[in-house]
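Q: The structure follows.
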Protein chains: 2
Amino acid sequence: MAARTIGGPCQAWPEESGFIREVLDRIGDKWTVLVISTLAGEPMRYSDLQASIPGISQRMLTVTLKALERDGLLSRTAYPEIPPRVEYELTALGRSLLDSVMALAAWAATHHEDVAASRRAHERTGVGREKTRSAAPDTAPAR
Amino acid sequence: MAARTIGGPCQAWPEESGFIREVLDRIGDKWTVLVISTLAGEPMRYSDLQASIPGISQRMLTVTLKALERDGLLSRTAYPEIPPRVEYELTALGRSLLDSVMALAAWAATHHEDVAASRRAHERTGVGREKTRSAAPDTAPAR
DNA sequence: CCGGATCCTTATCGATACTG
DNA sequence: CAGTATCGATAAGGATCCGG
């Protein structure tokens with residue numbers, strides 16, 4: 001343990017950390033949150049999903065969908081008609097997750113410019129410098 | 001609550017989706033959130049960080065720290081002493097992100113049992129069906 | 001004590017082809 | 001229309017050596 005002489009050794013949460021990793025392993029991939037957010041409004045068919053998510057392949061859509069279904073985040077309903085029709089819909093659990101994910105999205109919407117500014121500052125100063133280097137609020141759009 | 005818009009034919013939020021991916025690309029990796037949460041309490045030295053995060057390698061710690069510093073989520077302060085001392089500390093931006101991340105952790109803590117239950121149910125009902133694993137006799141790792 | 005640079009292993013993703 | 005199966009490219013992650 002680190003327990004240095006400063007402040008209180010109230011570091012780490014042995015339990016929460018594990019949960020963070022757990023949920024991040026679920027939604028941390030490239031498509032999961034996109035599928036969930038696309039499905040937020042109303043049930044959708046496989047084809048609609050693929051059309052609504054530019055760039056996703058059948059394989060990735062199928063894999064993501066099955067994983068989400070397995071975890072109870074969405075429900076899959078197949079109608080034995082011709083042509084076959086399958087609809088995917090978020091469950092209550094899935095919607096609750098979406099809610100938390102939206103919090104992250106809100107953070108990004110609020111702070112992404114700060115992040116971009118810091119990144120530009122580091123590019124200019126040569127990254128390796130120590131702190132005490134408060135970069136000017138460069139709002140330049142370029143890049 | 002999740003995004004309402006229920007009943008509306010219009011799908012998703014074209015903008016939020018992009019922000020979600022943006023933040024997920026930052027923290028979606030294996031170690032970023034662990035570093036952030038470990039650093040939540042007080043500033044820590046490189047060695048302390050490594051000791052507090054079981055399983056992380058020097059390389060991954062260095063890479064993660066530099067990325068976080070570049071994005072302005074933490075500050076790095078080097079003291080020119082002997083032996084050298086370097087301390088890492090979350091910035092206000094980093095703490096605000098941690099707050100959102102904690103929301104996700106809270107979701108996981110609340111619902112991880114539901115997820116586990118769904119997963120077991122699917123194993124029983126045969127959703128996963130047969131793995132068809134034995135179908136490939138020679139699947140040699142030709143690589 | 002801090003952490004950069006290199007090499008290697010392995011999970012993940014994308015494209016294509018095929019089936020019900 | 002709704003998937004499934006296989007292959008190859010890529011890069012994240014891990015181990016280790018080396019320098020400051």
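Letters for chains follow the order of the structure tokens (A, B, ...), residue numbers begin at 1 for each chain, and ligand numbers begin at 1 in the order shown.
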Restrict the distance test to only C-alpha atoms (C1' of nucleotides), flag each residue of chain B within 10 Å of chain C, and return the flagged residues as a list in words.

A: Arg45, Tyr46, Ser47, Gln58, Arg59, Leu61, Thr62, Val63, Ala78, Ile82, Pro83, Pro84, Arg85 and Val86 of chain B

Q: Could you make a table, as CSV, of the residues of chain D that have an atom within 9 Å of an atom of chain A, each with its nearest atom pair and distance in Å to one decimal, counting only C-alpha atoms (C1' of nucleotides), in chain and number order?

A:
```
residue,atom,partner,partner_atom,distance
D:DC1,C1',A:Pro84,CA,6.0
D:DA2,C1',A:Tyr46,CA,7.1
D:DG3,C1',A:Thr62,CA,7.6
D:DT4,C1',A:Arg59,CA,8.7
```

Q: Residues of the last selection are to be written out with all heavy atoms, as a PDB file, in the first residue's frame.

A:
```pdb
ATOM      1  P    DC D   1     -34.377  -6.714 -47.787  1.00  0.00           P
ATOM      2  OP1  DC D   1     -34.998  -5.541 -47.191  1.00  0.00           O
ATOM      3  OP2  DC D   1     -32.943  -6.666 -48.025  1.00  0.00           O
ATOM      4  O5'  DC D   1     -34.672  -7.894 -46.761  1.00  0.00           O
ATOM      5  C5'  DC D   1     -35.922  -7.856 -46.079  1.00  0.00           C
ATOM      6  C4'  DC D   1     -35.868  -8.895 -45.012  1.00  0.00           C
ATOM      7  O4'  DC D   1     -35.438 -10.144 -45.603  1.00  0.00           O
ATOM      8  C3'  DC D   1     -34.863  -8.547 -43.909  1.00  0.00           C
ATOM      9  O3'  DC D   1     -35.468  -8.828 -42.649  1.00  0.00           O
ATOM     10  C2'  DC D   1     -33.689  -9.482 -44.171  1.00  0.00           C
ATOM     11  C1'  DC D   1     -34.346 -10.674 -44.864  1.00  0.00           C
ATOM     12  N1   DC D   1     -33.441 -11.347 -45.827  1.00  0.00           N
ATOM     13  C2   DC D   1     -33.170 -12.720 -45.680  1.00  0.00           C
ATOM     14  O2   DC D   1     -33.700 -13.329 -44.746  1.00  0.00           O
ATOM     15  N3   DC D   1     -32.354 -13.332 -46.558  1.00  0.00           N
ATOM     16  C4   DC D   1     -31.811 -12.629 -47.554  1.00  0.00           C
ATOM     17  N4   DC D   1     -31.003 -13.280 -48.403  1.00  0.00           N
ATOM     18  C5   DC D   1     -32.069 -11.231 -47.735  1.00  0.00           C
ATOM     19  C6   DC D   1     -32.880 -10.636 -46.860  1.00  0.00           C
ATOM     20  P    DA D   2     -34.800  -8.312 -41.296  1.00  0.00           P
ATOM     21  OP1  DA D   2     -35.883  -8.080 -40.327  1.00  0.00           O
ATOM     22  OP2  DA D   2     -33.879  -7.222 -41.648  1.00  0.00           O
ATOM     23  O5'  DA D   2     -33.955  -9.564 -40.778  1.00  0.00           O
ATOM     24  C5'  DA D   2     -34.629 -10.762 -40.466  1.00  0.00           C
ATOM     25  C4'  DA D   2     -33.644 -11.858 -40.164  1.00  0.00           C
ATOM     26  O4'  DA D   2     -33.018 -12.309 -41.390  1.00  0.00           O
ATOM     27  C3'  DA D   2     -32.495 -11.435 -39.230  1.00  0.00           C
ATOM     28  O3'  DA D   2     -32.305 -12.433 -38.232  1.00  0.00           O
ATOM     29  C2'  DA D   2     -31.300 -11.361 -40.170  1.00  0.00           C
ATOM     30  C1'  DA D   2     -31.637 -12.452 -41.172  1.00  0.00           C
ATOM     31  N9   DA D   2     -30.940 -12.327 -42.445  1.00  0.00           N
ATOM     32  C8   DA D   2     -30.743 -11.206 -43.207  1.00  0.00           C
ATOM     33  N7   DA D   2     -30.061 -11.413 -44.311  1.00  0.00           N
ATOM     34  C5   DA D   2     -29.777 -12.764 -44.265  1.00  0.00           C
ATOM     35  C6   DA D   2     -29.073 -13.614 -45.146  1.00  0.00           C
ATOM     36  N6   DA D   2     -28.507 -13.200 -46.271  1.00  0.00           N
ATOM     37  N1   DA D   2     -28.982 -14.934 -44.814  1.00  0.00           N
ATOM     38  C2   DA D   2     -29.557 -15.351 -43.676  1.00  0.00           C
ATOM     39  N3   DA D   2     -30.251 -14.645 -42.765  1.00  0.00           N
ATOM     40  C4   DA D   2     -30.323 -13.348 -43.133  1.00  0.00           C
ATOM     41  P    DG D   3     -31.559 -12.008 -36.862  1.00  0.00           P
ATOM     42  OP1  DG D   3     -31.574 -13.142 -35.917  1.00  0.00           O
ATOM     43  OP2  DG D   3     -32.091 -10.711 -36.442  1.00  0.00           O
ATOM     44  O5'  DG D   3     -30.064 -11.783 -37.339  1.00  0.00           O
ATOM     45  C5'  DG D   3     -29.101 -12.685 -36.872  1.00  0.00           C
ATOM     46  C4'  DG D   3     -28.919 -13.864 -37.827  1.00  0.00           C
ATOM     47  O4'  DG D   3     -28.840 -13.414 -39.184  1.00  0.00           O
ATOM     48  C3'  DG D   3     -27.609 -14.586 -37.575  1.00  0.00           C
ATOM     49  O3'  DG D   3     -27.833 -15.709 -36.736  1.00  0.00           O
ATOM     50  C2'  DG D   3     -27.111 -14.996 -38.952  1.00  0.00           C
ATOM     51  C1'  DG D   3     -28.139 -14.401 -39.916  1.00  0.00           C
ATOM     52  N9   DG D   3     -27.478 -13.766 -41.050  1.00  0.00           N
ATOM     53  C8   DG D   3     -27.469 -12.428 -41.368  1.00  0.00           C
ATOM     54  N7   DG D   3     -26.808 -12.155 -42.464  1.00  0.00           N
ATOM     55  C5   DG D   3     -26.351 -13.383 -42.903  1.00  0.00           C
ATOM     56  C6   DG D   3     -25.578 -13.716 -44.051  1.00  0.00           C
ATOM     57  O6   DG D   3     -25.130 -12.966 -44.921  1.00  0.00           O
ATOM     58  N1   DG D   3     -25.322 -15.074 -44.123  1.00  0.00           N
ATOM     59  C2   DG D   3     -25.766 -16.005 -43.209  1.00  0.00           C
ATOM     60  N2   DG D   3     -25.430 -17.265 -43.437  1.00  0.00           N
ATOM     61  N3   DG D   3     -26.499 -15.710 -42.141  1.00  0.00           N
ATOM     62  C4   DG D   3     -26.755 -14.383 -42.045  1.00  0.00           C
ATOM     63  P    DT D   4     -26.623 -16.189 -35.868  1.00  0.00           P
ATOM     64  OP1  DT D   4     -27.164 -17.105 -34.838  1.00  0.00           O
ATOM     65  OP2  DT D   4     -25.874 -14.984 -35.492  1.00  0.00           O
ATOM     66  O5'  DT D   4     -25.707 -17.028 -36.866  1.00  0.00           O
ATOM     67  C5'  DT D   4     -26.211 -18.220 -37.470  1.00  0.00           C
ATOM     68  C4'  DT D   4     -25.126 -18.827 -38.334  1.00  0.00           C
ATOM     69  O4'  DT D   4     -24.868 -17.965 -39.480  1.00  0.00           O
ATOM     70  C3'  DT D   4     -23.775 -19.000 -37.615  1.00  0.00           C
ATOM     71  O3'  DT D   4     -23.304 -20.313 -37.842  1.00  0.00           O
ATOM     72  C2'  DT D   4     -22.887 -17.940 -38.264  1.00  0.00           C
ATOM     73  C1'  DT D   4     -23.478 -17.834 -39.661  1.00  0.00           C
ATOM     74  N1   DT D   4     -23.236 -16.538 -40.330  1.00  0.00           N
ATOM     75  C2   DT D   4     -22.497 -16.506 -41.492  1.00  0.00           C
ATOM     76  O2   DT D   4     -22.015 -17.493 -42.005  1.00  0.00           O
ATOM     77  N3   DT D   4     -22.336 -15.265 -42.037  1.00  0.00           N
ATOM     78  C4   DT D   4     -22.839 -14.063 -41.554  1.00  0.00           C
ATOM     79  O4   DT D   4     -22.632 -13.006 -42.142  1.00  0.00           O
ATOM     80  C5   DT D   4     -23.596 -14.171 -40.328  1.00  0.00           C
ATOM     81  C7   DT D   4     -24.181 -12.936 -39.729  1.00  0.00           C
ATOM     82  C6   DT D   4     -23.762 -15.389 -39.777  1.00  0.00           C
TER      83       DT D   4
END
```

Q: When you draw a straight line from atom C1' of DT16 of chain D to atom CA of Met60 of chain B, how long is it in Å?

A: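 The value is 13.5 Å.
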